[in-house]
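Please read the structure below before turning to the comments.
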Amino acid sequence: MFNTKYCRFSWEILLMIGPALLSVPASAQVSREGGSAKSAPIKKQFAFEVVSIRPHQPDSEPFPTQYMPDGYKASFRLEDVILQAYIPGPWKQLTSKILNAPIWIDDWYDIDARVAPEDMTAWQQAQNGYHLDSELLHSAWQAVLKERCNLSLHLTTIEMPYLNLMLGKHGAKLKETVPGAVKPVSGKTWRLGEGFYIEDNGERRFVGVSMEEFTLSLMQLNQKYPVQDKTGLTGRYDFTLPWYDYVHHPNNEIRDPLDRMPISSIGLMLKRGKGPGFIINIDHIEKPSPN
């Protein structure tokens with residue numbers, strides 16, 4: 001029913017959807033400016049039962065992430081695995097920086113990870129709309145990195161520039177979603193968190209989308225600053241926005257990528273602000289042995 005856009009991280013991008021808990025093992029520390037370093041254990045330590053890690057063949061295309069009821073497969077750079085393990089949010093490089101890392105963390109690996117039968121229910125429940133950011137997944141990747149790469153690191157939280165999604169002067173012009181009232185259109189529909197949007201005839205029609213999820217679309221266009229939801233709106237909404245494709249503008253009349261989908265028509269705006277960023281300092285890491 002849906003076309004799935006595998007958003008291969010533009011590895012200079014990270015989206016942070018508001019502050020979130022970091023999950024770190026005892027071997028790592030999270031130090032915050034102005035405060036002492038302290039660990040932040042997750043509620044349940046979770047690890048994949050079986051993990052296969054093999055160097056990716058350089059003359060073949062990386063395969064996209066495939067989520068399954070008992071695990072998932074993906075081609076990742078080792079750097080990406082570190083970010084998935086320790087940095088919250090679905091796009092992780094815009095607000096994070098890795099220091100003291102060897103060049104080979106940029107190497108690609110094919111990974112096939114499976115969960116134990118007793119963990120399948122928890123794994124399936126953790127597959128939220130973003131798929132990439134859950135406490136279980138953080139915990140699982142941390143365990144893999146500790147066991148296979150002998151990784152130790154420390155994290156520092158910093159403040160950095162953000163774009164804040166906010167209400168306009170006259171308030172938002174959004175319609176509360178009626179579940180099931182709008183159906184996906186085959187070939188023109190893409191998932192956005194737990195909602196979706198239909199792209200057709202120079203418009204994007206958003207259905208059942210939260211403001212937190214909407215920031216994902218804004219980040220796809222922005223690619224300069226992370227975007228965080230500051231609207232205070234907690235529901236799910238339907239709304240339609242103009243969509244200007246560069247194909248229809250050969251002379252590049254649209255200079256700012258965000259102008260491809262102007263949000264003022266629905267009573268929202270973007271305003272510069274501040275938010276959390278992360279510096280990852282690698283203390284020790286070894287190449288994973290293939291299996």
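Identifiers for the structure tokens are assigned positionally: chains receive A, B, ... in sequence, residues are indexed from 1 per chain, and ligands are indexed from 1 in the order shown.
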
Using only C-alpha atoms, which residues sit within 9 Å of A:Arg148 once same-chain residues fewer than 6 positions away are excluded, as a CSV table (one decimal) with C-alpha atoms, in the first residue's frame?
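Final file, out_36.csv:
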```csv
chain,number,residue,atom,x,y,z
A,286,GLU,CA,38.5,-2.4,17.5
A,287,LYS,CA,37.4,-3.6,14.1
A,288,PRO,CA,34.6,-6.2,14.4
A,289,SER,CA,35.6,-9.7,13.4
```

Near A:Met261, counting only C-alpha atoms, which residues have an atom at most 10 Å away, once you skip same-chain residues fewer than 6 positions from it, shown as a PDB file with C-alpha atoms, in the first residue's frame?
```
ATOM      1  CA  GLY A 202       1.970  20.056  -6.730  1.00  0.00           C
ATOM      2  CA  GLU A 203       0.729  19.354  -3.190  1.00  0.00           C
ATOM      3  CA  ARG A 204       1.534  17.237  -0.197  1.00  0.00           C
ATOM      4  CA  SER A 217       9.615  16.488   6.441  1.00  0.00           C
ATOM      5  CA  LEU A 218      11.059  19.875   7.321  1.00  0.00           C
ATOM      6  CA  LEU A 221      14.338  19.969   3.115  1.00  0.00           C
ATOM      7  CA  THR A 240      -2.285  20.237   2.773  1.00  0.00           C
ATOM      8  CA  LEU A 241       0.789  22.196   1.697  1.00  0.00           C
ATOM      9  CA  PRO A 242       2.100  23.355  -1.685  1.00  0.00           C
ATOM     10  CA  TRP A 243       4.957  21.208  -2.962  1.00  0.00           C
ATOM     11  CA  TYR A 244       7.325  22.836  -5.438  1.00  0.00           C
ATOM     12  CA  ASP A 245       9.471  20.275  -7.218  1.00  0.00           C
TER      13      ASP A 245
END
```

- re atom CA of A:Trp108 and atom CA of A:Ala74: distance 10.2 Å

Distance table requested - stretch 196-288 of chain A against stretch 166-190 of chain A, cut-off 9 Å, only C-alpha atoms: one row per qualifying residue with the closest atom pair and its distance in Å to one decimal, ordered by chain and rising residue number, as a Markdown table.
```
| residue | atom | partner | partner_atom | distance |
| --- | --- | --- | --- | --- |
| A:Phe196 | CA | A:Trp190 | CA | 5.5 |
| A:Tyr197 | CA | A:Trp190 | CA | 5.6 |
| A:Ile198 | CA | A:Thr189 | CA | 4.5 |
| A:Glu199 | CA | A:Lys188 | CA | 5.5 |
| A:Asp200 | CA | A:Lys188 | CA | 6.8 |
| A:Val207 | CA | A:Thr177 | CA | 6.9 |
| A:Gly208 | CA | A:Thr177 | CA | 5.4 |
| A:Val209 | CA | A:Thr177 | CA | 8.2 |
| A:Asp229 | CA | A:Met166 | CA | 7.0 |
| A:Lys230 | CA | A:Met166 | CA | 5.2 |
| A:Thr231 | CA | A:Met166 | CA | 4.5 |
| A:Gly232 | CA | A:Met166 | CA | 8.1 |
| A:Gly235 | CA | A:Glu176 | CA | 7.2 |
| A:Arg236 | CA | A:Thr177 | CA | 5.7 |
| A:Tyr237 | CA | A:Glu176 | CA | 4.6 |
| A:Asp238 | CA | A:Lys175 | CA | 5.2 |
| A:Phe239 | CA | A:Leu174 | CA | 5.7 |
| A:Thr240 | CA | A:Leu174 | CA | 9.0 |
| A:Ser264 | CA | A:Gly168 | CA | 7.4 |
| A:Ser265 | CA | A:Lys173 | CA | 7.8 |
| A:Ile266 | CA | A:Lys173 | CA | 4.6 |
| A:Gly267 | CA | A:Ala172 | CA | 4.1 |
| A:Leu268 | CA | A:Leu167 | CA | 4.7 |
| A:Met269 | CA | A:Met166 | CA | 5.4 |
| A:Leu270 | CA | A:Met166 | CA | 6.1 |
| A:Lys271 | CA | A:Met166 | CA | 7.1 |
```

Taking C-alpha atoms for each residue, export the selection above as a JSON list (two decimals), in the first residue's frame.
```json
[["chain", "number", "residue", "atom", "x", "y", "z"],
["A", 196, "PHE", "CA", 1.45, 9.51, 5.96],
["A", 197, "TYR", "CA", 1.36, 12.05, 3.18],
["A", 198, "ILE", "CA", 0.10, 11.91, -0.41],
["A", 199, "GLU", "CA", 2.16, 13.77, -2.99],
["A", 200, "ASP", "CA", 0.24, 14.72, -6.12],
["A", 207, "VAL", "CA", -2.88, 12.69, 7.07],
["A", 208, "GLY", "CA", -2.78, 11.67, 10.72],
["A", 209, "VAL", "CA", 0.55, 13.41, 11.31],
["A", 229, "ASP", "CA", 8.54, 20.92, 17.69],
["A", 230, "LYS", "CA", 7.66, 23.92, 19.85],
["A", 231, "THR", "CA", 4.03, 24.29, 18.80],
["A", 232, "GLY", "CA", 2.55, 22.74, 21.93],
["A", 235, "GLY", "CA", -2.83, 15.76, 18.44],
["A", 236, "ARG", "CA", -2.77, 14.23, 14.98],
["A", 237, "TYR", "CA", -3.77, 16.44, 12.11],
["A", 238, "ASP", "CA", -4.68, 16.60, 8.43],
["A", 239, "PHE", "CA", -3.42, 19.50, 6.32],
["A", 240, "THR", "CA", -2.28, 20.24, 2.77],
["A", 264, "SER", "CA", 2.81, 29.80, 6.59],
["A", 265, "SER", "CA", -0.40, 28.75, 4.81],
["A", 266, "ILE", "CA", -1.25, 26.45, 7.76],
["A", 267, "GLY", "CA", -0.39, 29.02, 10.43],
["A", 268, "LEU", "CA", 3.06, 27.68, 11.35],
["A", 269, "MET", "CA", 6.52, 29.20, 11.20],
["A", 270, "LEU", "CA", 10.17, 28.35, 11.83],
["A", 271, "LYS", "CA", 12.19, 30.46, 14.22]]
```

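One finds atom CA of A:Leu78 at 16.3 Å from atom CA of A:Glu61.
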
- When distances are computed from only C-alpha atoms, which of A:Asp112, A:Tyr86, A:Arg260, A:Val81 shows the smallest separation from A:Thr157?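 Selected residue with least distance to A:Thr157: A:Tyr86.
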
- Identify, with DSSP run on backbone atoms, the residues in stretch 140-247 of chain A assigned to strand (DSSP E or B), and express the list as number ranges by chain. A: 152-167, 175-176, 189-192, 195-200, 203-209, 227-229, 237-242

- Give the answer as one residue: which of A:Arg205, A:His154, A:Arg114, A:Lys146 has the shortest atom-to-atom distance to A:Ile98, using only C-alpha atoms?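 Counting only C-alpha atoms, the residue closest to A:Ile98 is A:His154.
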
- Counting only C-alpha atoms, figure out which residue out of A:Ala101, A:Ile111, A:Ile87, A:Ala126 gets nearest to A:Phe46.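 Among A:Ala101, A:Ile111, A:Ile87, A:Ala126, it is A:Ala126 that comes nearest to A:Phe46.
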
- Backbone DSSP call of alpha helix (DSSP H) for stretch 77-213 of chain A, listed as an MDAnalysis selection string: chainID A and resid 78:86 120:126 135:149 211:213

Would you save the residues of that selection, restricted to N, CA and C atoms, as an mmCIF file, in the first residue's frame?
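See part.cif below for the written result:
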```
data_model
loop_
_atom_site.group_PDB
_atom_site.id
_atom_site.type_symbol
_atom_site.label_atom_id
_atom_site.label_comp_id
_atom_site.auth_asym_id
_atom_site.auth_seq_id
_atom_site.Cartn_x
_atom_site.Cartn_y
_atom_site.Cartn_z
ATOM 1 N N LEU A 78 30.160 1.570 10.138
ATOM 2 C CA LEU A 78 30.319 1.385 11.569
ATOM 3 C C LEU A 78 30.002 2.672 12.322
ATOM 4 N N GLU A 79 30.308 3.806 11.715
ATOM 5 C CA GLU A 79 29.957 5.094 12.320
ATOM 6 C C GLU A 79 28.454 5.193 12.545
ATOM 7 N N ASP A 80 27.679 4.706 11.578
ATOM 8 C CA ASP A 80 26.232 4.773 11.689
ATOM 9 C C ASP A 80 25.722 3.928 12.853
ATOM 10 N N VAL A 81 26.354 2.772 13.054
ATOM 11 C CA VAL A 81 25.953 1.907 14.160
ATOM 12 C C VAL A 81 26.204 2.609 15.494
ATOM 13 N N ILE A 82 27.341 3.294 15.618
ATOM 14 C CA ILE A 82 27.642 4.036 16.846
ATOM 15 C C ILE A 82 26.583 5.101 17.092
ATOM 16 N N LEU A 83 26.201 5.823 16.042
ATOM 17 C CA LEU A 83 25.180 6.861 16.196
ATOM 18 C C LEU A 83 23.836 6.250 16.574
ATOM 19 N N GLN A 84 23.483 5.118 15.964
ATOM 20 C CA GLN A 84 22.217 4.473 16.309
ATOM 21 C C GLN A 84 22.217 4.005 17.755
ATOM 22 N N ALA A 85 23.378 3.630 18.254
ATOM 23 C CA ALA A 85 23.450 3.109 19.615
ATOM 24 C C ALA A 85 23.341 4.205 20.672
ATOM 25 N N TYR A 86 23.852 5.396 20.385
ATOM 26 C CA TYR A 86 24.003 6.384 21.449
ATOM 27 C C TYR A 86 23.293 7.712 21.229
ATOM 28 N N MET A 120 10.594 -11.214 21.345
ATOM 29 C CA MET A 120 9.939 -10.813 20.097
ATOM 30 C C MET A 120 8.786 -9.848 20.323
ATOM 31 N N THR A 121 8.004 -10.084 21.364
ATOM 32 C CA THR A 121 6.872 -9.181 21.625
ATOM 33 C C THR A 121 7.359 -7.778 21.914
ATOM 34 N N ALA A 122 8.377 -7.663 22.769
ATOM 35 C CA ALA A 122 8.927 -6.344 23.095
ATOM 36 C C ALA A 122 9.534 -5.695 21.856
ATOM 37 N N TRP A 123 10.220 -6.483 21.034
ATOM 38 C CA TRP A 123 10.832 -5.959 19.814
ATOM 39 C C TRP A 123 9.772 -5.406 18.871
ATOM 40 N N GLN A 124 8.698 -6.152 18.675
ATOM 41 C CA GLN A 124 7.644 -5.717 17.762
ATOM 42 C C GLN A 124 6.935 -4.471 18.284
ATOM 43 N N GLN A 125 6.738 -4.398 19.585
ATOM 44 C CA GLN A 125 6.095 -3.222 20.162
ATOM 45 C C GLN A 125 6.978 -1.986 20.042
ATOM 46 N N ALA A 126 8.302 -2.207 20.004
ATOM 47 C CA ALA A 126 9.242 -1.081 19.929
ATOM 48 C C ALA A 126 9.331 -0.488 18.532
ATOM 49 N N GLU A 135 14.410 2.513 22.960
ATOM 50 C CA GLU A 135 15.336 2.103 24.001
ATOM 51 C C GLU A 135 15.878 0.706 23.724
ATOM 52 N N LEU A 136 15.029 -0.183 23.195
ATOM 53 C CA LEU A 136 15.480 -1.534 22.898
ATOM 54 C C LEU A 136 16.587 -1.520 21.842
ATOM 55 N N LEU A 137 16.407 -0.706 20.803
ATOM 56 C CA LEU A 137 17.391 -0.672 19.733
ATOM 57 C C LEU A 137 18.696 -0.041 20.210
ATOM 58 N N HIS A 138 18.591 1.021 21.005
ATOM 59 C CA HIS A 138 19.811 1.600 21.587
ATOM 60 C C HIS A 138 20.568 0.548 22.384
ATOM 61 N N SER A 139 19.862 -0.145 23.251
ATOM 62 C CA SER A 139 20.483 -1.143 24.110
ATOM 63 C C SER A 139 21.111 -2.264 23.293
ATOM 64 N N ALA A 140 20.407 -2.727 22.251
ATOM 65 C CA ALA A 140 20.909 -3.829 21.432
ATOM 66 C C ALA A 140 22.198 -3.443 20.721
ATOM 67 N N TRP A 141 22.235 -2.262 20.139
ATOM 68 C CA TRP A 141 23.440 -1.845 19.428
ATOM 69 C C TRP A 141 24.603 -1.602 20.383
ATOM 70 N N GLN A 142 24.308 -1.081 21.559
ATOM 71 C CA GLN A 142 25.377 -0.873 22.534
ATOM 72 C C GLN A 142 26.022 -2.201 22.912
ATOM 73 N N ALA A 143 25.192 -3.225 23.076
ATOM 74 C CA ALA A 143 25.711 -4.552 23.419
ATOM 75 C C ALA A 143 26.573 -5.100 22.285
ATOM 76 N N VAL A 144 26.129 -4.908 21.029
ATOM 77 C CA VAL A 144 26.906 -5.374 19.875
ATOM 78 C C VAL A 144 28.266 -4.690 19.824
ATOM 79 N N LEU A 145 28.276 -3.382 19.998
ATOM 80 C CA LEU A 145 29.528 -2.627 19.922
ATOM 81 C C LEU A 145 30.484 -2.987 21.053
ATOM 82 N N LYS A 146 29.935 -3.240 22.223
ATOM 83 C CA LYS A 146 30.784 -3.608 23.346
ATOM 84 C C LYS A 146 31.401 -4.986 23.136
ATOM 85 N N GLU A 147 30.582 -5.943 22.651
ATOM 86 C CA GLU A 147 31.056 -7.308 22.489
ATOM 87 C C GLU A 147 31.962 -7.474 21.273
ATOM 88 N N ARG A 148 31.578 -6.871 20.141
ATOM 89 C CA ARG A 148 32.290 -7.135 18.890
ATOM 90 C C ARG A 148 33.402 -6.130 18.587
ATOM 91 N N CYS A 149 33.299 -4.936 19.173
ATOM 92 C CA CYS A 149 34.290 -3.888 18.881
ATOM 93 C C CYS A 149 35.037 -3.416 20.127
ATOM 94 N N MET A 211 2.861 16.951 15.022
ATOM 95 C CA MET A 211 3.839 17.998 14.764
ATOM 96 C C MET A 211 5.253 17.477 14.945
ATOM 97 N N GLU A 212 5.439 16.571 15.850
ATOM 98 C CA GLU A 212 6.750 15.959 16.040
ATOM 99 C C GLU A 212 7.175 15.218 14.783
ATOM 100 N N GLU A 213 6.250 14.492 14.180
ATOM 101 C CA GLU A 213 6.551 13.777 12.941
ATOM 102 C C GLU A 213 6.728 14.735 11.765
#
```
